[in-house]
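Heads up, upload-v4.cif below (mmCIF, C-alpha atoms, pLDDT in the B column; chains and numbers go by the auth columns):
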data_data
#
loop_
_atom_site.group_PDB
_atom_site.id
_atom_site.type_symbol
_atom_site.label_atom_id
_atom_site.label_comp_id
_atom_site.label_asym_id
_atom_site.label_seq_id
_atom_site.Cartn_x
_atom_site.Cartn_y
_atom_site.Cartn_z
_atom_site.B_iso_or_equiv
_atom_site.auth_seq_id
_atom_site.auth_asym_id
ATOM 1 C CA MET A 1 0.000 0.000 0.000 48.00 1 A
ATOM 2 C CA PRO A 2 1.286 3.534 -0.695 48.00 2 A
ATOM 3 C CA GLN A 3 3.036 5.140 2.285 46.00 3 A
ATOM 4 C CA ALA A 4 0.532 7.191 4.285 44.00 4 A
ATOM 5 C CA ALA A 5 1.302 10.754 5.272 44.00 5 A
ATOM 6 C CA SER A 6 1.606 11.723 8.941 43.00 6 A
ATOM 7 C CA HIS A 7 -1.502 13.922 9.114 43.00 7 A
ATOM 8 C CA PRO A 8 -4.710 12.389 10.549 48.00 8 A
ATOM 9 C CA PRO A 9 -6.509 10.096 8.076 52.00 9 A
ATOM 10 C CA HIS A 10 -10.104 10.415 6.998 59.00 10 A
ATOM 11 C CA ARG A 11 -12.108 7.296 7.746 89.00 11 A
ATOM 12 C CA ILE A 12 -14.151 7.364 4.528 95.00 12 A
ATOM 13 C CA LEU A 13 -12.966 8.229 1.029 96.00 13 A
ATOM 14 C CA VAL A 14 -15.762 8.876 -1.488 98.00 14 A
ATOM 15 C CA CYS A 15 -14.703 8.819 -5.149 98.00 15 A
ATOM 16 C CA PHE A 16 -16.504 10.502 -8.040 98.00 16 A
ATOM 17 C CA ALA A 17 -15.436 10.628 -11.681 95.00 17 A
ATOM 18 C CA VAL A 18 -16.623 14.120 -12.629 92.00 18 A
ATOM 19 C CA LYS A 19 -17.489 17.396 -10.900 94.00 19 A
ATOM 20 C CA GLN A 20 -21.176 17.141 -11.796 94.00 20 A
ATOM 21 C CA GLU A 21 -21.442 13.978 -9.684 96.00 21 A
ATOM 22 C CA LEU A 22 -19.410 15.395 -6.793 97.00 22 A
ATOM 23 C CA ARG A 23 -20.863 18.923 -6.573 97.00 23 A
ATOM 24 C CA PRO A 24 -24.075 18.208 -4.583 98.00 24 A
ATOM 25 C CA PHE A 25 -22.169 16.068 -2.061 98.00 25 A
ATOM 26 C CA SER A 26 -19.204 18.392 -1.514 96.00 26 A
ATOM 27 C CA ALA A 27 -20.835 20.634 1.121 95.00 27 A
ATOM 28 C CA PHE A 28 -21.794 17.628 3.260 96.00 28 A
ATOM 29 C CA ALA A 29 -18.267 16.201 2.980 95.00 29 A
ATOM 30 C CA ARG A 30 -16.699 19.508 4.023 93.00 30 A
ATOM 31 C CA ARG A 31 -18.747 19.507 7.234 92.00 31 A
ATOM 32 C CA SER A 32 -17.342 16.147 8.296 90.00 32 A
ATOM 33 C CA ASN A 33 -13.914 15.388 9.718 87.00 33 A
ATOM 34 C CA ASN A 34 -14.337 11.735 8.764 92.00 34 A
ATOM 35 C CA ILE A 35 -15.176 12.063 5.062 95.00 35 A
ATOM 36 C CA SER A 36 -12.943 13.108 2.192 94.00 36 A
ATOM 37 C CA THR A 37 -13.590 13.069 -1.536 97.00 37 A
ATOM 38 C CA CYS A 38 -11.508 12.152 -4.568 97.00 38 A
ATOM 39 C CA LEU A 39 -12.245 13.395 -8.087 96.00 39 A
ATOM 40 C CA THR A 40 -10.807 10.610 -10.212 96.00 40 A
ATOM 41 C CA GLY A 41 -11.646 11.673 -13.735 92.00 41 A
ATOM 42 C CA MET A 42 -13.289 9.323 -16.218 90.00 42 A
ATOM 43 C CA GLY A 43 -12.031 5.837 -17.037 91.00 43 A
ATOM 44 C CA ALA A 44 -9.925 3.178 -15.370 93.00 44 A
ATOM 45 C CA SER A 45 -6.513 4.766 -15.928 93.00 45 A
ATOM 46 C CA ASN A 46 -7.548 8.100 -14.402 94.00 46 A
ATOM 47 C CA ALA A 47 -9.295 6.368 -11.514 96.00 47 A
ATOM 48 C CA GLU A 48 -6.221 4.288 -10.750 97.00 48 A
ATOM 49 C CA LYS A 49 -3.862 7.268 -10.840 96.00 49 A
ATOM 50 C CA HIS A 50 -5.957 9.537 -8.652 96.00 50 A
ATOM 51 C CA LEU A 51 -6.989 6.869 -6.152 97.00 51 A
ATOM 52 C CA LEU A 52 -3.384 5.780 -5.608 97.00 52 A
ATOM 53 C CA HIS A 53 -2.448 9.418 -5.073 96.00 53 A
ATOM 54 C CA ALA A 54 -5.269 9.813 -2.524 95.00 54 A
ATOM 55 C CA LEU A 55 -4.173 6.650 -0.701 95.00 55 A
ATOM 56 C CA SER A 56 -0.627 7.981 -0.506 93.00 56 A
ATOM 57 C CA ARG A 57 -1.951 10.953 1.465 90.00 57 A
ATOM 58 C CA SER A 58 -4.385 9.213 3.819 87.00 58 A
ATOM 59 C CA SER A 59 -5.385 5.783 5.109 89.00 59 A
ATOM 60 C CA PRO A 60 -9.167 5.408 4.832 94.00 60 A
ATOM 61 C CA THR A 61 -10.983 2.533 6.458 93.00 61 A
ATOM 62 C CA MET A 62 -13.643 2.580 3.734 95.00 62 A
ATOM 63 C CA VAL A 63 -13.717 3.623 0.067 97.00 63 A
ATOM 64 C CA LEU A 64 -16.922 4.290 -1.863 98.00 64 A
ATOM 65 C CA SER A 65 -16.980 4.475 -5.659 98.00 65 A
ATOM 66 C CA CYS A 66 -19.907 6.743 -6.500 98.00 66 A
ATOM 67 C CA GLY A 67 -21.493 8.618 -9.373 97.00 67 A
ATOM 68 C CA PHE A 68 -23.648 7.875 -12.382 97.00 68 A
ATOM 69 C CA ALA A 69 -24.233 4.483 -13.973 97.00 69 A
ATOM 70 C CA GLY A 70 -25.944 3.432 -17.145 97.00 70 A
ATOM 71 C CA GLY A 71 -28.805 1.003 -16.789 98.00 71 A
ATOM 72 C CA LEU A 72 -28.452 -2.421 -18.408 98.00 72 A
ATOM 73 C CA ASN A 73 -31.290 -4.178 -16.607 98.00 73 A
ATOM 74 C CA PRO A 74 -34.551 -2.845 -18.113 97.00 74 A
ATOM 75 C CA SER A 75 -36.216 -2.849 -14.703 97.00 75 A
ATOM 76 C CA LEU A 76 -33.940 -0.071 -13.391 98.00 76 A
ATOM 77 C CA ARG A 77 -35.374 3.422 -13.760 97.00 77 A
ATOM 78 C CA SER A 78 -33.470 6.682 -13.992 97.00 78 A
ATOM 79 C CA GLY A 79 -32.610 7.873 -10.486 97.00 79 A
ATOM 80 C CA CYS A 80 -32.606 4.375 -8.990 98.00 80 A
ATOM 81 C CA ILE A 81 -29.734 3.861 -6.526 98.00 81 A
ATOM 82 C CA VAL A 82 -27.810 0.636 -7.141 98.00 82 A
ATOM 83 C CA TYR A 83 -24.974 -0.795 -5.088 98.00 83 A
ATOM 84 C CA ASP A 84 -22.575 -3.628 -4.433 97.00 84 A
ATOM 85 C CA ALA A 85 -20.599 -3.732 -1.171 97.00 85 A
ATOM 86 C CA ASP A 86 -17.901 -5.854 0.412 96.00 86 A
ATOM 87 C CA PRO A 87 -19.342 -7.983 3.237 91.00 87 A
ATOM 88 C CA ALA A 88 -16.658 -6.552 5.544 86.00 88 A
ATOM 89 C CA LEU A 89 -18.409 -3.180 5.431 87.00 89 A
ATOM 90 C CA ALA A 90 -21.596 -4.596 6.985 85.00 90 A
ATOM 91 C CA ILE A 91 -23.674 -1.822 5.405 90.00 91 A
ATOM 92 C CA SER A 92 -25.663 -3.844 2.856 87.00 92 A
ATOM 93 C CA ASP A 93 -28.759 -3.906 5.062 91.00 93 A
ATOM 94 C CA ARG A 94 -28.592 -0.127 5.481 94.00 94 A
ATOM 95 C CA LEU A 95 -28.089 0.380 1.746 95.00 95 A
ATOM 96 C CA GLN A 96 -31.253 -1.624 1.123 94.00 96 A
ATOM 97 C CA GLN A 97 -33.213 0.051 3.911 95.00 97 A
ATOM 98 C CA LEU A 98 -32.531 3.422 2.289 96.00 98 A
ATOM 99 C CA GLY A 99 -34.043 2.215 -0.972 96.00 99 A
ATOM 100 C CA GLY A 100 -30.946 0.995 -2.783 97.00 100 A
ATOM 101 C CA VAL A 101 -31.061 -2.028 -5.078 97.00 101 A
ATOM 102 C CA HIS A 102 -28.257 -4.584 -5.076 97.00 102 A
ATOM 103 C CA ALA A 103 -26.781 -4.866 -8.568 98.00 103 A
ATOM 104 C CA GLU A 104 -24.049 -6.505 -10.579 97.00 104 A
ATOM 105 C CA PHE A 105 -21.805 -3.990 -12.335 98.00 105 A
ATOM 106 C CA SER A 106 -19.805 -4.035 -15.526 97.00 106 A
ATOM 107 C CA SER A 107 -16.936 -1.551 -15.907 94.00 107 A
ATOM 108 C CA ILE A 108 -15.901 -0.657 -19.448 92.00 108 A
ATOM 109 C CA ASP A 109 -13.618 1.948 -20.973 86.00 109 A
ATOM 110 C CA TRP A 110 -16.088 3.647 -23.262 82.00 110 A
ATOM 111 C CA ILE A 111 -19.372 5.488 -22.876 85.00 111 A
ATOM 112 C CA ILE A 112 -22.186 3.155 -23.847 90.00 112 A
ATOM 113 C CA THR A 113 -24.590 5.319 -25.819 89.00 113 A
ATOM 114 C CA SER A 114 -27.235 3.138 -27.472 92.00 114 A
ATOM 115 C CA SER A 115 -29.984 0.914 -26.141 95.00 115 A
ATOM 116 C CA GLU A 116 -28.839 -1.804 -28.534 96.00 116 A
ATOM 117 C CA ALA A 117 -25.344 -1.815 -27.054 95.00 117 A
ATOM 118 C CA LYS A 118 -26.769 -1.847 -23.521 96.00 118 A
ATOM 119 C CA HIS A 119 -28.948 -4.871 -24.276 97.00 119 A
ATOM 120 C CA LYS A 120 -25.969 -6.706 -25.780 96.00 120 A
ATOM 121 C CA LEU A 121 -23.785 -5.988 -22.745 96.00 121 A
ATOM 122 C CA HIS A 122 -26.579 -7.013 -20.369 97.00 122 A
ATOM 123 C CA TYR A 123 -26.975 -10.317 -22.218 96.00 123 A
ATOM 124 C CA ALA A 124 -23.224 -10.982 -22.448 96.00 124 A
ATOM 125 C CA SER A 125 -22.251 -10.003 -18.910 95.00 125 A
ATOM 126 C CA GLY A 126 -25.384 -10.488 -16.833 96.00 126 A
ATOM 127 C CA ALA A 127 -24.644 -7.087 -15.293 98.00 127 A
ATOM 128 C CA ASP A 128 -27.430 -4.734 -14.217 98.00 128 A
ATOM 129 C CA ALA A 129 -25.530 -1.473 -14.605 98.00 129 A
ATOM 130 C CA VAL A 130 -22.397 -0.117 -16.239 98.00 130 A
ATOM 131 C CA ASP A 131 -19.774 2.432 -15.225 97.00 131 A
ATOM 132 C CA MET A 132 -16.164 3.209 -16.124 94.00 132 A
ATOM 133 C CA GLU A 133 -14.276 3.337 -12.833 96.00 133 A
ATOM 134 C CA SER A 134 -15.585 1.000 -10.133 97.00 134 A
ATOM 135 C CA ALA A 135 -13.726 -2.172 -11.155 97.00 135 A
ATOM 136 C CA VAL A 136 -10.272 -0.629 -10.855 98.00 136 A
ATOM 137 C CA ILE A 137 -11.180 1.286 -7.681 98.00 137 A
ATOM 138 C CA ARG A 138 -12.392 -1.838 -5.953 98.00 138 A
ATOM 139 C CA ARG A 139 -9.443 -3.896 -7.190 98.00 139 A
ATOM 140 C CA ILE A 140 -6.987 -1.390 -5.695 98.00 140 A
ATOM 141 C CA CYS A 141 -8.953 -1.403 -2.450 97.00 141 A
ATOM 142 C CA LYS A 142 -8.893 -5.200 -2.331 96.00 142 A
ATOM 143 C CA ASP A 143 -5.136 -5.228 -2.990 96.00 143 A
ATOM 144 C CA ASN A 144 -4.699 -2.834 -0.058 95.00 144 A
ATOM 145 C CA ASN A 145 -7.167 -4.565 2.302 95.00 145 A
ATOM 146 C CA ILE A 146 -9.556 -1.603 2.326 96.00 146 A
ATOM 147 C CA PRO A 147 -13.275 -2.505 2.333 96.00 147 A
ATOM 148 C CA SER A 148 -15.138 -0.816 -0.517 97.00 148 A
ATOM 149 C CA ALA A 149 -18.523 -0.422 -2.122 97.00 149 A
ATOM 150 C CA ASN A 150 -19.879 0.802 -5.419 98.00 150 A
ATOM 151 C CA ILE A 151 -22.911 3.082 -4.975 98.00 151 A
ATOM 152 C CA ARG A 152 -24.321 4.575 -8.156 98.00 152 A
ATOM 153 C CA ALA A 153 -27.407 6.330 -9.470 98.00 153 A
ATOM 154 C CA ILE A 154 -28.856 5.204 -12.780 98.00 154 A
ATOM 155 C CA LEU A 155 -28.716 8.113 -15.208 97.00 155 A
ATOM 156 C CA ASP A 156 -29.791 6.625 -18.526 96.00 156 A
ATOM 157 C CA THR A 157 -31.949 3.510 -18.675 97.00 157 A
ATOM 158 C CA ALA A 158 -31.418 0.353 -20.696 97.00 158 A
ATOM 159 C CA ASN A 159 -34.053 1.297 -23.247 97.00 159 A
ATOM 160 C CA GLU A 160 -32.823 4.761 -24.180 95.00 160 A
ATOM 161 C CA ASN A 161 -30.045 6.243 -26.287 92.00 161 A
ATOM 162 C CA LEU A 162 -27.834 9.083 -25.113 83.00 162 A
ATOM 163 C CA PRO A 163 -28.517 12.363 -26.934 75.00 163 A
ATOM 164 C CA LEU A 164 -24.974 12.434 -28.373 68.00 164 A
ATOM 165 C CA ASP A 165 -22.169 9.958 -29.058 68.00 165 A
ATOM 166 C CA PHE A 166 -19.742 11.310 -26.472 60.00 166 A
ATOM 167 C CA ASN A 167 -17.126 8.711 -27.449 61.00 167 A
ATOM 168 C CA LYS A 168 -16.368 10.749 -30.570 62.00 168 A
ATOM 169 C CA HIS A 169 -15.283 13.610 -28.321 54.00 169 A
ATOM 170 C CA LYS A 170 -13.296 11.648 -25.739 61.00 170 A
ATOM 171 C CA THR A 171 -9.567 12.388 -25.575 58.00 171 A
ATOM 172 C CA ASP A 172 -6.849 9.801 -24.974 57.00 172 A
ATOM 173 C CA GLU A 173 -6.891 10.908 -21.324 60.00 173 A
ATOM 174 C CA PHE A 174 -10.647 10.216 -21.130 59.00 174 A
ATOM 175 C CA ASN A 175 -11.567 13.880 -20.913 63.00 175 A
ATOM 176 C CA LEU A 176 -14.361 15.292 -23.046 59.00 176 A
ATOM 177 C CA ASN A 177 -13.480 17.678 -25.868 55.00 177 A
ATOM 178 C CA TYR A 178 -16.179 20.304 -25.356 57.00 178 A
ATOM 179 C CA ARG A 179 -15.189 22.207 -28.492 61.00 179 A
ATOM 180 C CA GLY A 180 -15.877 19.069 -30.508 56.00 180 A
ATOM 181 C CA ILE A 181 -19.186 18.599 -28.740 57.00 181 A
ATOM 182 C CA ALA A 182 -20.160 22.201 -29.535 60.00 182 A
ATOM 183 C CA LEU A 183 -19.314 21.716 -33.218 63.00 183 A
ATOM 184 C CA ASP A 184 -21.312 18.494 -33.274 61.00 184 A
ATOM 185 C CA ILE A 185 -24.302 20.337 -31.808 66.00 185 A
ATOM 186 C CA LEU A 186 -23.981 23.118 -34.395 62.00 186 A
ATOM 187 C CA ASN A 187 -24.078 20.489 -37.122 67.00 187 A
ATOM 188 C CA ASN A 188 -27.085 18.831 -35.516 70.00 188 A
ATOM 189 C CA PRO A 189 -29.259 21.559 -33.924 66.00 189 A
ATOM 190 C CA SER A 190 -32.084 19.111 -33.262 69.00 190 A
ATOM 191 C CA SER A 191 -29.942 17.527 -30.534 70.00 191 A
ATOM 192 C CA ILE A 192 -29.928 20.695 -28.403 77.00 192 A
ATOM 193 C CA LYS A 193 -33.311 20.089 -26.782 81.00 193 A
ATOM 194 C CA ASN A 194 -32.415 16.508 -25.851 80.00 194 A
ATOM 195 C CA LEU A 195 -29.014 17.554 -24.486 80.00 195 A
ATOM 196 C CA ILE A 196 -30.568 20.236 -22.293 83.00 196 A
ATOM 197 C CA ALA A 197 -33.105 17.757 -20.942 89.00 197 A
ATOM 198 C CA PHE A 198 -30.346 15.213 -20.306 86.00 198 A
ATOM 199 C CA GLY A 199 -28.279 17.801 -18.443 88.00 199 A
ATOM 200 C CA ILE A 200 -31.243 18.745 -16.244 93.00 200 A
ATOM 201 C CA ARG A 201 -31.821 15.078 -15.481 95.00 201 A
ATOM 202 C CA ALA A 202 -28.138 14.573 -14.610 94.00 202 A
ATOM 203 C CA GLU A 203 -28.291 17.411 -12.074 96.00 203 A
ATOM 204 C CA SER A 204 -31.409 15.916 -10.494 97.00 204 A
ATOM 205 C CA VAL A 205 -29.918 12.413 -10.338 98.00 205 A
ATOM 206 C CA ALA A 206 -26.697 13.767 -8.808 98.00 206 A
ATOM 207 C CA ARG A 207 -28.713 15.482 -6.071 98.00 207 A
ATOM 208 C CA LYS A 208 -30.645 12.283 -5.383 98.00 208 A
ATOM 209 C CA LEU A 209 -27.416 10.311 -5.054 98.00 209 A
ATOM 210 C CA SER A 210 -25.999 12.943 -2.724 98.00 210 A
ATOM 211 C CA LYS A 211 -29.046 12.792 -0.437 98.00 211 A
ATOM 212 C CA TYR A 212 -28.781 9.009 -0.359 98.00 212 A
ATOM 213 C CA LEU A 213 -25.086 9.136 0.553 98.00 213 A
ATOM 214 C CA GLU A 214 -25.734 11.752 3.221 97.00 214 A
ATOM 215 C CA ARG A 215 -28.378 9.542 4.867 96.00 215 A
ATOM 216 C CA LEU A 216 -26.016 6.568 4.660 96.00 216 A
ATOM 217 C CA LEU A 217 -22.982 8.372 6.081 95.00 217 A
ATOM 218 C CA ILE A 218 -24.556 10.690 8.656 91.00 218 A
ATOM 219 C CA SER A 219 -23.683 8.282 11.467 78.00 219 A
ATOM 220 C CA PHE A 220 -19.994 8.520 10.528 74.00 220 A
ATOM 221 C CA CYS A 221 -19.884 12.325 10.816 66.00 221 A
#

So that I can check it, write out the structure of this file as structure tokens.
Amino acid sequence: MPQAASHPPHRILVCFAVKQELRPFSAFARRSNNISTCLTGMGASNAEKHLLHALSRSSPTMVLSCGFAGGLNPSLRSGCIVYDADPALAISDRLQQLGGVHAEFSSIDWIITSSEAKHKLHYASGADAVDMESAVIRRICKDNNIPSANIRAILDTANENLPLDFNKHKTDEFNLNYRGIALDILNNPSSIKNLIAFGIRAESVARKLSKYLERLLISFC
């Protein structure tokens, strides 16, 4: 495990890939001496780099991989909270009591944008939801004997397409090229309405996830 720094560790490290996922939760985290956050960036390579850096600076007793997930199981609605947790955490009952649904996750290194691709991945993997970071985060935690959980909110359901193919605008570092997205929108003005609606939904889902995490973690504050 990376060498911990001498300053007092946070007990819980909560990881998010992008600022939109983290923003609603950040105020709650700042009020707690026992919770810290890590913005990993998108994709496995970014998640690995930033998590290892965070672990070199503190020694958490629990790591949560959080944020959005795409639905693969058609029964999961947008806004549904899905989770998978190590038994050592002993929080599965609480996760369920708060309305979470236990799920199997698939982690892939691209943004799955079509309902057809989601159905194929669901059939091939048996997974209920898909994200880009949780597999590597939980592997690192397992290697370092840190209990972990994946707690996600379904953003897009199994039966819907994303309003834009974001993979076309993903850099080698798994950042989004917003200039390319803007040009794509200019060339396809009909997508603007759907993108605005998707953005509004993302903000709402992020707030719902934050409230769920706050209710889960309030006893640790």

- Task: One decimal, Å: what's the distance from atom CA of Asn194 of chain A over to atom CA of Lys19 of chain A, could you say?
- Result: 21.1 Å

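Using all atoms listed in the file, the residues found no farther than 12 Å from Phe25 of chain A, other than those of its own chain fewer than 6 positions away, are Val14, Cys15, Phe16, Lys19, Arg31, Ser32, Ile35, Ser36, Thr37, Cys38, Leu39, Cys66, Gly67, Glu203, Val205, Ala206, Arg207, Lys208, Leu209, Ser210, Lys211, Tyr212, Leu213, Glu214, Arg215 and Leu217 of chain A.
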
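Against this structure, the PyMOL selection byres ((chain A and resi 63) around 6) ends up with Ile12, Leu13, Val14, Met62, Leu64 and Ser148 of chain A.
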
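Distances from A:Val136, A:Ile111, A:Cys80, A:Ala29 to Leu98 of chain A were compared using all atoms listed in the file, and the smallest one belongs to A:Cys80.
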
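Every protein, DNA or RNA residue with an atom at most 7 Å from segment 69-77 of chain A, where all atoms listed in the file count and chain neighbours fewer than 6 positions away do not, is listed here: Lys118, His119, His122, Ala127, Asp128, Ala129, Val130, Asp131, Arg152, Ala153, Ile154, Leu155, Asp156, Thr157, Ala158 and Asn159 of chain A.
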
- Message: Applying the PyMOL selection byres ((chain A and resi 135) around 10) to the file I just gave you, which residues come out? Please list them as an MDAnalysis selection string.
- Response: chainID A and resid 44 47:48 65 105:108 131:134 136:141 150

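Pairwise distance (atom CA of Leu55 of chain A, atom CA of Asn144 of chain A) equals 9.5 Å.
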
- Message: With distances taken over all atoms listed in the file, which residue among A:Ala202, A:Lys142, A:Glu116, A:Ile196 lies nearest Asn161 of chain A?
- Response: A:Glu116

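Pairwise distance (atom CA of Gly99 of chain A, atom CA of Ala85 of chain A) equals 14.7 Å.
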
- Note on the structure: In terms of only C-alpha atoms, the residue from A:Ile146, A:Ile218, A:Ile200, A:Ile151 at minimal distance from Ile81 of chain A is A:Ile151

- Query: Taking into account all atoms listed in the file, which residue in the set A:Gln97, A:Asn34, A:Ser125, A:Ser191 is nearest to Ser59 of chain A?
  - Reply: A:Asn34
